[in-house]
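Below is my_file.txt, which holds compact mmCIF, N, CA and C atoms.
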```
# COMPACT_ATOMS: atom_id res chain seq x y z
N MET A 30 139.23 135.57 90.47
CA MET A 30 140.48 135.76 89.79
C MET A 30 140.32 135.59 88.29
N LYS A 31 139.13 135.43 87.84
CA LYS A 31 138.90 135.25 86.42
C LYS A 31 139.19 136.55 85.67
N LEU A 32 139.71 136.41 84.46
CA LEU A 32 140.06 137.58 83.66
C LEU A 32 138.92 137.99 82.73
N LEU A 33 137.70 137.72 83.12
CA LEU A 33 136.56 137.97 82.25
C LEU A 33 136.33 139.43 81.95
N HIS A 34 136.45 140.28 82.94
CA HIS A 34 136.06 141.67 82.77
C HIS A 34 137.24 142.63 82.71
N CYS A 35 138.42 142.13 82.46
CA CYS A 35 139.57 143.02 82.40
C CYS A 35 139.78 143.47 80.96
N PRO A 36 140.33 144.68 80.80
CA PRO A 36 140.58 145.18 79.45
C PRO A 36 141.57 144.27 78.71
N LYS A 37 141.34 144.07 77.44
CA LYS A 37 142.20 143.17 76.65
C LYS A 37 143.65 143.61 76.67
N ASN A 38 143.89 144.93 76.71
CA ASN A 38 145.28 145.42 76.69
C ASN A 38 145.99 145.20 78.02
N LYS A 39 145.28 144.80 79.06
CA LYS A 39 145.87 144.54 80.38
C LYS A 39 146.04 143.05 80.67
N ARG A 40 145.49 142.19 79.84
CA ARG A 40 145.47 140.75 80.15
C ARG A 40 146.85 140.15 80.30
N THR A 41 147.80 140.53 79.45
CA THR A 41 149.16 139.99 79.55
C THR A 41 149.80 140.43 80.85
N GLU A 42 149.64 141.70 81.19
CA GLU A 42 150.21 142.22 82.44
C GLU A 42 149.58 141.52 83.65
N ILE A 43 148.28 141.34 83.60
CA ILE A 43 147.58 140.67 84.69
C ILE A 43 148.03 139.22 84.81
N GLN A 44 148.17 138.54 83.68
CA GLN A 44 148.64 137.16 83.70
C GLN A 44 150.04 137.07 84.29
N ASN A 45 150.90 138.04 83.97
CA ASN A 45 152.26 138.05 84.53
C ASN A 45 152.23 138.20 86.05
N VAL A 46 151.35 139.05 86.56
CA VAL A 46 151.24 139.23 88.00
C VAL A 46 150.70 137.96 88.65
N ILE A 47 149.71 137.33 88.02
CA ILE A 47 149.16 136.07 88.54
C ILE A 47 150.26 135.01 88.61
N ASP A 48 151.09 134.95 87.58
CA ASP A 48 152.21 134.00 87.59
C ASP A 48 153.20 134.34 88.70
N THR A 49 153.48 135.62 88.87
CA THR A 49 154.45 136.07 89.87
C THR A 49 154.02 135.67 91.28
N VAL A 50 152.73 135.77 91.58
CA VAL A 50 152.26 135.42 92.92
C VAL A 50 151.85 133.95 93.03
N LYS A 51 152.23 133.18 92.01
CA LYS A 51 152.04 131.73 92.01
C LYS A 51 150.57 131.31 92.15
N LEU A 52 149.72 131.93 91.34
CA LEU A 52 148.30 131.57 91.35
C LEU A 52 147.79 131.11 89.99
N ASP A 53 148.69 130.80 89.07
CA ASP A 53 148.26 130.44 87.72
C ASP A 53 147.30 129.25 87.72
N ASP A 54 147.56 128.27 88.58
CA ASP A 54 146.69 127.10 88.61
C ASP A 54 145.37 127.35 89.35
N LYS A 55 145.22 128.54 89.91
CA LYS A 55 144.00 128.88 90.66
C LYS A 55 143.18 129.98 90.00
N LYS A 56 143.56 130.38 88.80
CA LYS A 56 142.93 131.56 88.20
C LYS A 56 141.47 131.37 87.82
N THR A 57 140.96 130.15 87.84
CA THR A 57 139.54 129.94 87.55
C THR A 57 138.68 130.00 88.81
N LEU A 58 139.32 130.10 89.98
CA LEU A 58 138.56 130.17 91.24
C LEU A 58 137.99 131.56 91.46
N LEU A 59 136.90 131.62 92.16
CA LEU A 59 136.39 132.89 92.67
C LEU A 59 137.13 133.18 93.97
N LEU A 60 137.23 134.44 94.35
CA LEU A 60 137.96 134.78 95.57
C LEU A 60 137.40 134.07 96.79
N ARG A 61 136.11 133.91 96.85
CA ARG A 61 135.51 133.26 98.03
C ARG A 61 135.86 131.77 98.11
N GLU A 62 136.40 131.21 97.03
CA GLU A 62 136.78 129.81 97.01
C GLU A 62 138.25 129.59 97.37
N CYS A 63 138.98 130.66 97.59
CA CYS A 63 140.42 130.57 97.85
C CYS A 63 140.70 130.30 99.32
N SER A 64 141.85 129.65 99.57
CA SER A 64 142.32 129.49 100.95
C SER A 64 142.84 130.84 101.43
N GLY A 65 143.22 130.92 102.69
CA GLY A 65 143.73 132.18 103.24
C GLY A 65 144.96 132.68 102.50
N GLY A 66 145.91 131.78 102.25
CA GLY A 66 147.13 132.17 101.54
C GLY A 66 146.87 132.56 100.10
N GLN A 67 145.99 131.81 99.44
CA GLN A 67 145.65 132.14 98.05
C GLN A 67 144.96 133.50 97.98
N LEU A 68 144.09 133.77 98.93
CA LEU A 68 143.40 135.05 98.96
C LEU A 68 144.38 136.19 99.17
N GLN A 69 145.32 136.02 100.10
CA GLN A 69 146.31 137.07 100.35
C GLN A 69 147.13 137.34 99.09
N ARG A 70 147.56 136.27 98.39
CA ARG A 70 148.34 136.45 97.16
C ARG A 70 147.50 137.13 96.08
N ALA A 71 146.21 136.77 95.99
CA ALA A 71 145.33 137.41 95.01
C ALA A 71 145.16 138.90 95.33
N LEU A 72 145.05 139.23 96.61
CA LEU A 72 144.91 140.63 97.00
C LEU A 72 146.19 141.41 96.73
N PHE A 73 147.35 140.77 96.91
CA PHE A 73 148.62 141.40 96.55
C PHE A 73 148.65 141.68 95.06
N ALA A 74 148.25 140.69 94.27
CA ALA A 74 148.24 140.86 92.82
C ALA A 74 147.34 142.03 92.42
N ARG A 75 146.18 142.08 93.01
CA ARG A 75 145.23 143.17 92.70
C ARG A 75 145.81 144.52 93.11
N ALA A 76 146.51 144.55 94.23
CA ALA A 76 147.07 145.82 94.70
C ALA A 76 148.21 146.32 93.82
N ILE A 77 149.01 145.41 93.29
CA ILE A 77 150.19 145.88 92.56
C ILE A 77 149.97 146.04 91.06
N ILE A 78 148.86 145.55 90.54
CA ILE A 78 148.64 145.62 89.09
C ILE A 78 148.55 147.07 88.59
N SER A 79 148.17 147.98 89.46
CA SER A 79 148.06 149.39 89.05
C SER A 79 149.37 150.16 89.24
N ASN A 80 150.45 149.46 89.59
CA ASN A 80 151.76 150.08 89.80
C ASN A 80 151.71 151.26 90.77
N PRO A 81 151.30 151.00 92.01
CA PRO A 81 151.18 152.09 92.98
C PRO A 81 152.55 152.61 93.43
N GLU A 82 152.57 153.84 93.88
CA GLU A 82 153.79 154.40 94.47
C GLU A 82 153.87 154.04 95.94
N LEU A 83 152.71 153.81 96.57
CA LEU A 83 152.62 153.51 97.99
C LEU A 83 151.70 152.32 98.18
N LEU A 84 152.12 151.38 99.00
CA LEU A 84 151.32 150.21 99.32
C LEU A 84 151.23 150.12 100.84
N ILE A 85 150.02 150.15 101.36
CA ILE A 85 149.81 150.02 102.80
C ILE A 85 149.16 148.67 103.05
N LEU A 86 149.85 147.83 103.79
CA LEU A 86 149.39 146.47 104.04
C LEU A 86 149.01 146.33 105.51
N ASP A 87 147.75 146.01 105.76
CA ASP A 87 147.25 145.86 107.13
C ASP A 87 147.15 144.38 107.45
N GLU A 88 148.01 143.91 108.34
CA GLU A 88 148.04 142.50 108.76
C GLU A 88 148.08 141.55 107.56
N PRO A 89 149.07 141.68 106.69
CA PRO A 89 149.09 140.87 105.47
C PRO A 89 149.39 139.38 105.68
N PHE A 90 149.82 139.00 106.87
CA PHE A 90 150.21 137.61 107.09
C PHE A 90 149.21 136.82 107.94
N ILE A 91 148.02 137.37 108.12
CA ILE A 91 146.99 136.67 108.88
C ILE A 91 146.41 135.54 108.02
N SER A 92 146.15 134.41 108.62
CA SER A 92 145.51 133.26 107.97
C SER A 92 146.35 132.62 106.88
N ILE A 93 147.67 132.74 106.96
CA ILE A 93 148.51 132.09 105.96
C ILE A 93 149.56 131.23 106.65
N ASP A 94 150.04 130.25 105.92
CA ASP A 94 151.05 129.35 106.48
C ASP A 94 152.44 130.01 106.39
N LEU A 95 153.40 129.38 107.04
CA LEU A 95 154.75 129.93 107.11
C LEU A 95 155.39 130.05 105.73
N GLU A 96 155.17 129.06 104.88
CA GLU A 96 155.74 129.09 103.53
C GLU A 96 155.21 130.28 102.73
N THR A 97 153.90 130.53 102.80
CA THR A 97 153.31 131.66 102.09
C THR A 97 153.78 132.98 102.70
N GLU A 98 153.92 133.03 104.02
CA GLU A 98 154.43 134.23 104.67
C GLU A 98 155.83 134.55 104.18
N GLU A 99 156.67 133.53 104.08
CA GLU A 99 158.03 133.74 103.58
C GLU A 99 158.03 134.22 102.13
N PHE A 100 157.19 133.59 101.31
CA PHE A 100 157.07 134.00 99.90
C PHE A 100 156.63 135.47 99.81
N LEU A 101 155.58 135.83 100.56
CA LEU A 101 155.06 137.20 100.49
C LEU A 101 156.06 138.21 101.04
N THR A 102 156.80 137.84 102.07
CA THR A 102 157.82 138.73 102.61
C THR A 102 158.88 139.02 101.55
N ASN A 103 159.36 137.98 100.89
CA ASN A 103 160.35 138.17 99.83
C ASN A 103 159.77 138.95 98.66
N PHE A 104 158.51 138.69 98.36
CA PHE A 104 157.82 139.40 97.28
C PHE A 104 157.73 140.90 97.59
N ILE A 105 157.39 141.23 98.83
CA ILE A 105 157.30 142.63 99.25
C ILE A 105 158.67 143.30 99.16
N ILE A 106 159.69 142.62 99.62
CA ILE A 106 161.05 143.17 99.55
C ILE A 106 161.45 143.43 98.10
N ASP A 107 161.16 142.48 97.22
CA ASP A 107 161.48 142.64 95.80
C ASP A 107 160.72 143.82 95.18
N LEU A 108 159.44 143.96 95.54
CA LEU A 108 158.65 145.10 95.04
C LEU A 108 159.30 146.41 95.44
N ASN A 109 159.72 146.49 96.68
CA ASN A 109 160.34 147.70 97.18
C ASN A 109 161.64 148.00 96.43
N LYS A 110 162.46 147.00 96.22
CA LYS A 110 163.75 147.19 95.56
C LYS A 110 163.62 147.43 94.07
N GLU A 111 162.84 146.60 93.40
CA GLU A 111 162.78 146.63 91.94
C GLU A 111 161.88 147.73 91.40
N LYS A 112 160.72 147.90 92.00
CA LYS A 112 159.76 148.88 91.49
C LYS A 112 159.75 150.17 92.28
N LYS A 113 160.60 150.23 93.31
CA LYS A 113 160.71 151.43 94.14
C LYS A 113 159.37 151.84 94.76
N ILE A 114 158.57 150.84 95.16
CA ILE A 114 157.29 151.10 95.80
C ILE A 114 157.53 151.28 97.30
N THR A 115 157.01 152.36 97.85
CA THR A 115 157.06 152.57 99.29
C THR A 115 156.02 151.65 99.92
N ILE A 116 156.43 150.87 100.92
CA ILE A 116 155.52 149.90 101.51
C ILE A 116 155.48 150.09 103.02
N ILE A 117 154.27 150.22 103.52
CA ILE A 117 154.03 150.32 104.97
C ILE A 117 153.26 149.07 105.38
N ILE A 118 153.80 148.36 106.38
CA ILE A 118 153.16 147.14 106.86
C ILE A 118 152.72 147.32 108.30
N VAL A 119 151.45 147.12 108.56
CA VAL A 119 150.90 147.16 109.92
C VAL A 119 150.84 145.73 110.42
N THR A 120 151.48 145.47 111.58
CA THR A 120 151.45 144.12 112.12
C THR A 120 150.85 144.12 113.51
```
Go through the file and emit its structure as structure tokens.
Amino acid sequence: MKLLHCPKNKRTEIQNVIDTVKLDDKKTLLLRECSGGQLQRALFARAIISNPELLILDEPFISIDLETEEFLTNFIIDLNKEKKITIIIVT
């Protein structure tokens, strides 16, 4: 999750997404060091940073606790409403 290799003009946007998915205190970790919930949130952040029109999520709630599942569910709903992203979830 380190911002070492990202373009300077994207750093603010990336930091905003990291804050949105509640990973600011984990941004120095490598992905392999993250818990299941942290990894899922990091993958969400990576998926949405490019402002996709379509997001396909395959089993997005595996290996996460109920609190993180609720957060991610609300986050997905907000993405759909606010950014008009079409989202397909495979469960």
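Here CA of Thr115 (chain A) stands at a distance of 27.6 Å from CA of Cys63 (chain A).
Comparing A:Ile116, A:Glu111, A:Leu68, A:Ile91 by their smallest distance to Lys51 (chain A), the closest is A:Leu68 (using only C-alpha atoms).
Between CA of Asn80 (chain A) and CA of Leu95 (chain A) the interatomic distance comes to 26.7 Å.
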Rounded to one decimal in Å, what is the spacing between CA of Ile118 (chain A) and atom N of Ile47 (chain A)?
21.5 Å
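When DSSP is run on the backbone, the residues of chain A that fall into strand (DSSP E or B) are Leu83, Leu84, Ile85, Leu86, Asp87, Thr115, Ile116, Ile117, Ile118 and Val119 of chain A.
Distances to Ala76 (chain A) were evaluated for A:Thr41, A:Val46, A:Cys35, A:Asp107 using only C-alpha atoms, and the minimum falls at A:Val46.
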Based on DSSP run over this structure's backbone, return all residues of chain A in helix (DSSP H, G or I), as number ranges by chain.
A: 37-49, 53-55, 60-62, 65-77, 95-111
Can I get the selected residues back with N, CA and C atoms, as a compact mmCIF listing (two decimals), in the coordinates of the input?
```txt
# COMPACT_ATOMS: atom_id res chain seq x y z
N LYS A 37 141.34 144.07 77.44
CA LYS A 37 142.20 143.17 76.65
C LYS A 37 143.65 143.61 76.67
N ASN A 38 143.89 144.93 76.71
CA ASN A 38 145.28 145.42 76.69
C ASN A 38 145.99 145.20 78.02
N LYS A 39 145.28 144.80 79.06
CA LYS A 39 145.87 144.54 80.38
C LYS A 39 146.04 143.05 80.67
N ARG A 40 145.49 142.19 79.84
CA ARG A 40 145.47 140.75 80.15
C ARG A 40 146.85 140.15 80.30
N THR A 41 147.80 140.53 79.45
CA THR A 41 149.16 139.99 79.55
C THR A 41 149.80 140.43 80.85
N GLU A 42 149.64 141.70 81.19
CA GLU A 42 150.21 142.22 82.44
C GLU A 42 149.58 141.52 83.65
N ILE A 43 148.28 141.34 83.60
CA ILE A 43 147.58 140.67 84.69
C ILE A 43 148.03 139.22 84.81
N GLN A 44 148.17 138.54 83.68
CA GLN A 44 148.64 137.16 83.70
C GLN A 44 150.04 137.07 84.29
N ASN A 45 150.90 138.04 83.97
CA ASN A 45 152.26 138.05 84.53
C ASN A 45 152.23 138.20 86.05
N VAL A 46 151.35 139.05 86.56
CA VAL A 46 151.24 139.23 88.00
C VAL A 46 150.70 137.96 88.65
N ILE A 47 149.71 137.33 88.02
CA ILE A 47 149.16 136.07 88.54
C ILE A 47 150.26 135.01 88.61
N ASP A 48 151.09 134.95 87.58
CA ASP A 48 152.21 134.00 87.59
C ASP A 48 153.20 134.34 88.70
N THR A 49 153.48 135.62 88.87
CA THR A 49 154.45 136.07 89.87
C THR A 49 154.02 135.67 91.28
N ASP A 53 148.69 130.80 89.07
CA ASP A 53 148.26 130.44 87.72
C ASP A 53 147.30 129.25 87.72
N ASP A 54 147.56 128.27 88.58
CA ASP A 54 146.69 127.10 88.61
C ASP A 54 145.37 127.35 89.35
N LYS A 55 145.22 128.54 89.91
CA LYS A 55 144.00 128.88 90.66
C LYS A 55 143.18 129.98 90.00
N LEU A 60 137.23 134.44 94.35
CA LEU A 60 137.96 134.78 95.57
C LEU A 60 137.40 134.07 96.79
N ARG A 61 136.11 133.91 96.85
CA ARG A 61 135.51 133.26 98.03
C ARG A 61 135.86 131.77 98.11
N GLU A 62 136.40 131.21 97.03
CA GLU A 62 136.78 129.81 97.01
C GLU A 62 138.25 129.59 97.37
N GLY A 65 143.22 130.92 102.69
CA GLY A 65 143.73 132.18 103.24
C GLY A 65 144.96 132.68 102.50
N GLY A 66 145.91 131.78 102.25
CA GLY A 66 147.13 132.17 101.54
C GLY A 66 146.87 132.56 100.10
N GLN A 67 145.99 131.81 99.44
CA GLN A 67 145.65 132.14 98.05
C GLN A 67 144.96 133.50 97.98
N LEU A 68 144.09 133.77 98.93
CA LEU A 68 143.40 135.05 98.96
C LEU A 68 144.38 136.19 99.17
N GLN A 69 145.32 136.02 100.10
CA GLN A 69 146.31 137.07 100.35
C GLN A 69 147.13 137.34 99.09
N ARG A 70 147.56 136.27 98.39
CA ARG A 70 148.34 136.45 97.16
C ARG A 70 147.50 137.13 96.08
N ALA A 71 146.21 136.77 95.99
CA ALA A 71 145.33 137.41 95.01
C ALA A 71 145.16 138.90 95.33
N LEU A 72 145.05 139.23 96.61
CA LEU A 72 144.91 140.63 97.00
C LEU A 72 146.19 141.41 96.73
N PHE A 73 147.35 140.77 96.91
CA PHE A 73 148.62 141.40 96.55
C PHE A 73 148.65 141.68 95.06
N ALA A 74 148.25 140.69 94.27
CA ALA A 74 148.24 140.86 92.82
C ALA A 74 147.34 142.03 92.42
N ARG A 75 146.18 142.08 93.01
CA ARG A 75 145.23 143.17 92.70
C ARG A 75 145.81 144.52 93.11
N ALA A 76 146.51 144.55 94.23
CA ALA A 76 147.07 145.82 94.70
C ALA A 76 148.21 146.32 93.82
N ILE A 77 149.01 145.41 93.29
CA ILE A 77 150.19 145.88 92.56
C ILE A 77 149.97 146.04 91.06
N LEU A 95 153.40 129.38 107.04
CA LEU A 95 154.75 129.93 107.11
C LEU A 95 155.39 130.05 105.73
N GLU A 96 155.17 129.06 104.88
CA GLU A 96 155.74 129.09 103.53
C GLU A 96 155.21 130.28 102.73
N THR A 97 153.90 130.53 102.80
CA THR A 97 153.31 131.66 102.09
C THR A 97 153.78 132.98 102.70
N GLU A 98 153.92 133.03 104.02
CA GLU A 98 154.43 134.23 104.67
C GLU A 98 155.83 134.55 104.18
N GLU A 99 156.67 133.53 104.08
CA GLU A 99 158.03 133.74 103.58
C GLU A 99 158.03 134.22 102.13
N PHE A 100 157.19 133.59 101.31
CA PHE A 100 157.07 134.00 99.90
C PHE A 100 156.63 135.47 99.81
N LEU A 101 155.58 135.83 100.56
CA LEU A 101 155.06 137.20 100.49
C LEU A 101 156.06 138.21 101.04
N THR A 102 156.80 137.84 102.07
CA THR A 102 157.82 138.73 102.61
C THR A 102 158.88 139.02 101.55
N ASN A 103 159.36 137.98 100.89
CA ASN A 103 160.35 138.17 99.83
C ASN A 103 159.77 138.95 98.66
N PHE A 104 158.51 138.69 98.36
CA PHE A 104 157.82 139.40 97.28
C PHE A 104 157.73 140.90 97.59
N ILE A 105 157.39 141.23 98.83
CA ILE A 105 157.30 142.63 99.25
C ILE A 105 158.67 143.30 99.16
N ILE A 106 159.69 142.62 99.62
CA ILE A 106 161.05 143.17 99.55
C ILE A 106 161.45 143.43 98.10
N ASP A 107 161.16 142.48 97.22
CA ASP A 107 161.48 142.64 95.80
C ASP A 107 160.72 143.82 95.18
N LEU A 108 159.44 143.96 95.54
CA LEU A 108 158.65 145.10 95.04
C LEU A 108 159.30 146.41 95.44
N ASN A 109 159.72 146.49 96.68
CA ASN A 109 160.34 147.70 97.18
C ASN A 109 161.64 148.00 96.43
N LYS A 110 162.46 147.00 96.22
CA LYS A 110 163.75 147.19 95.56
C LYS A 110 163.62 147.43 94.07
N GLU A 111 162.84 146.60 93.40
CA GLU A 111 162.78 146.63 91.94
C GLU A 111 161.88 147.73 91.40
```
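Minimum atom-to-atom distance to Arg40 (chain A), evaluated using only C-alpha atoms, belongs to A:Ile78 out of A:Ile78, A:Glu98, A:Lys113, A:Thr120.
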Name the residues within 10 Å of (146.5, 137.6, 99.2), counting only C-alpha atoms in the file's coordinates, and put them as number ranges by chain.
A: 50, 60, 63-76, 89-93, 97, 101
Could you save those same residues with N, CA and C atoms as a PDB file, keeping the file's coordinate frame?
```pdb
ATOM      1  N   VAL A  50     152.730 135.770  91.580  1.00  0.00           N
ATOM      2  CA  VAL A  50     152.260 135.420  92.920  1.00  0.00           C
ATOM      3  C   VAL A  50     151.850 133.950  93.030  1.00  0.00           C
ATOM      4  N   LEU A  60     137.230 134.440  94.350  1.00  0.00           N
ATOM      5  CA  LEU A  60     137.960 134.780  95.570  1.00  0.00           C
ATOM      6  C   LEU A  60     137.400 134.070  96.790  1.00  0.00           C
ATOM      7  N   CYS A  63     138.980 130.660  97.590  1.00  0.00           N
ATOM      8  CA  CYS A  63     140.420 130.570  97.850  1.00  0.00           C
ATOM      9  C   CYS A  63     140.700 130.300  99.320  1.00  0.00           C
ATOM     10  N   SER A  64     141.850 129.650  99.570  1.00  0.00           N
ATOM     11  CA  SER A  64     142.320 129.490 100.950  1.00  0.00           C
ATOM     12  C   SER A  64     142.840 130.840 101.430  1.00  0.00           C
ATOM     13  N   GLY A  65     143.220 130.920 102.690  1.00  0.00           N
ATOM     14  CA  GLY A  65     143.730 132.180 103.240  1.00  0.00           C
ATOM     15  C   GLY A  65     144.960 132.680 102.500  1.00  0.00           C
ATOM     16  N   GLY A  66     145.910 131.780 102.250  1.00  0.00           N
ATOM     17  CA  GLY A  66     147.130 132.170 101.540  1.00  0.00           C
ATOM     18  C   GLY A  66     146.870 132.560 100.100  1.00  0.00           C
ATOM     19  N   GLN A  67     145.990 131.810  99.440  1.00  0.00           N
ATOM     20  CA  GLN A  67     145.650 132.140  98.050  1.00  0.00           C
ATOM     21  C   GLN A  67     144.960 133.500  97.980  1.00  0.00           C
ATOM     22  N   LEU A  68     144.090 133.770  98.930  1.00  0.00           N
ATOM     23  CA  LEU A  68     143.400 135.050  98.960  1.00  0.00           C
ATOM     24  C   LEU A  68     144.380 136.190  99.170  1.00  0.00           C
ATOM     25  N   GLN A  69     145.320 136.020 100.100  1.00  0.00           N
ATOM     26  CA  GLN A  69     146.310 137.070 100.350  1.00  0.00           C
ATOM     27  C   GLN A  69     147.130 137.340  99.090  1.00  0.00           C
ATOM     28  N   ARG A  70     147.560 136.270  98.390  1.00  0.00           N
ATOM     29  CA  ARG A  70     148.340 136.450  97.160  1.00  0.00           C
ATOM     30  C   ARG A  70     147.500 137.130  96.080  1.00  0.00           C
ATOM     31  N   ALA A  71     146.210 136.770  95.990  1.00  0.00           N
ATOM     32  CA  ALA A  71     145.330 137.410  95.010  1.00  0.00           C
ATOM     33  C   ALA A  71     145.160 138.900  95.330  1.00  0.00           C
ATOM     34  N   LEU A  72     145.050 139.230  96.610  1.00  0.00           N
ATOM     35  CA  LEU A  72     144.910 140.630  97.000  1.00  0.00           C
ATOM     36  C   LEU A  72     146.190 141.410  96.730  1.00  0.00           C
ATOM     37  N   PHE A  73     147.350 140.770  96.910  1.00  0.00           N
ATOM     38  CA  PHE A  73     148.620 141.400  96.550  1.00  0.00           C
ATOM     39  C   PHE A  73     148.650 141.680  95.060  1.00  0.00           C
ATOM     40  N   ALA A  74     148.250 140.690  94.270  1.00  0.00           N
ATOM     41  CA  ALA A  74     148.240 140.860  92.820  1.00  0.00           C
ATOM     42  C   ALA A  74     147.340 142.030  92.420  1.00  0.00           C
ATOM     43  N   ARG A  75     146.180 142.080  93.010  1.00  0.00           N
ATOM     44  CA  ARG A  75     145.230 143.170  92.700  1.00  0.00           C
ATOM     45  C   ARG A  75     145.810 144.520  93.110  1.00  0.00           C
ATOM     46  N   ALA A  76     146.510 144.550  94.230  1.00  0.00           N
ATOM     47  CA  ALA A  76     147.070 145.820  94.700  1.00  0.00           C
ATOM     48  C   ALA A  76     148.210 146.320  93.820  1.00  0.00           C
ATOM     49  N   PRO A  89     149.070 141.680 106.690  1.00  0.00           N
ATOM     50  CA  PRO A  89     149.090 140.870 105.470  1.00  0.00           C
ATOM     51  C   PRO A  89     149.390 139.380 105.680  1.00  0.00           C
ATOM     52  N   PHE A  90     149.820 139.000 106.870  1.00  0.00           N
ATOM     53  CA  PHE A  90     150.210 137.610 107.090  1.00  0.00           C
ATOM     54  C   PHE A  90     149.210 136.820 107.940  1.00  0.00           C
ATOM     55  N   ILE A  91     148.020 137.370 108.120  1.00  0.00           N
ATOM     56  CA  ILE A  91     146.990 136.670 108.880  1.00  0.00           C
ATOM     57  C   ILE A  91     146.410 135.540 108.020  1.00  0.00           C
ATOM     58  N   SER A  92     146.150 134.410 108.620  1.00  0.00           N
ATOM     59  CA  SER A  92     145.510 133.260 107.970  1.00  0.00           C
ATOM     60  C   SER A  92     146.350 132.620 106.880  1.00  0.00           C
ATOM     61  N   ILE A  93     147.670 132.740 106.960  1.00  0.00           N
ATOM     62  CA  ILE A  93     148.510 132.090 105.960  1.00  0.00           C
ATOM     63  C   ILE A  93     149.560 131.230 106.650  1.00  0.00           C
ATOM     64  N   THR A  97     153.900 130.530 102.800  1.00  0.00           N
ATOM     65  CA  THR A  97     153.310 131.660 102.090  1.00  0.00           C
ATOM     66  C   THR A  97     153.780 132.980 102.700  1.00  0.00           C
ATOM     67  N   LEU A 101     155.580 135.830 100.560  1.00  0.00           N
ATOM     68  CA  LEU A 101     155.060 137.200 100.490  1.00  0.00           C
ATOM     69  C   LEU A 101     156.060 138.210 101.040  1.00  0.00           C
TER      70      LEU A 101
END
```
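When only C-alpha atoms are used to compute distances to Ile85 (chain A), the closest of the residues A:Leu52, A:Ile106, A:Val119, A:Leu58 turns out to be A:Val119.
Distances to Leu84 (chain A) were evaluated for A:Ile117, A:Asn109, A:Asp53, A:Thr102 using only N, CA and C atoms, and the minimum falls at A:Ile117.
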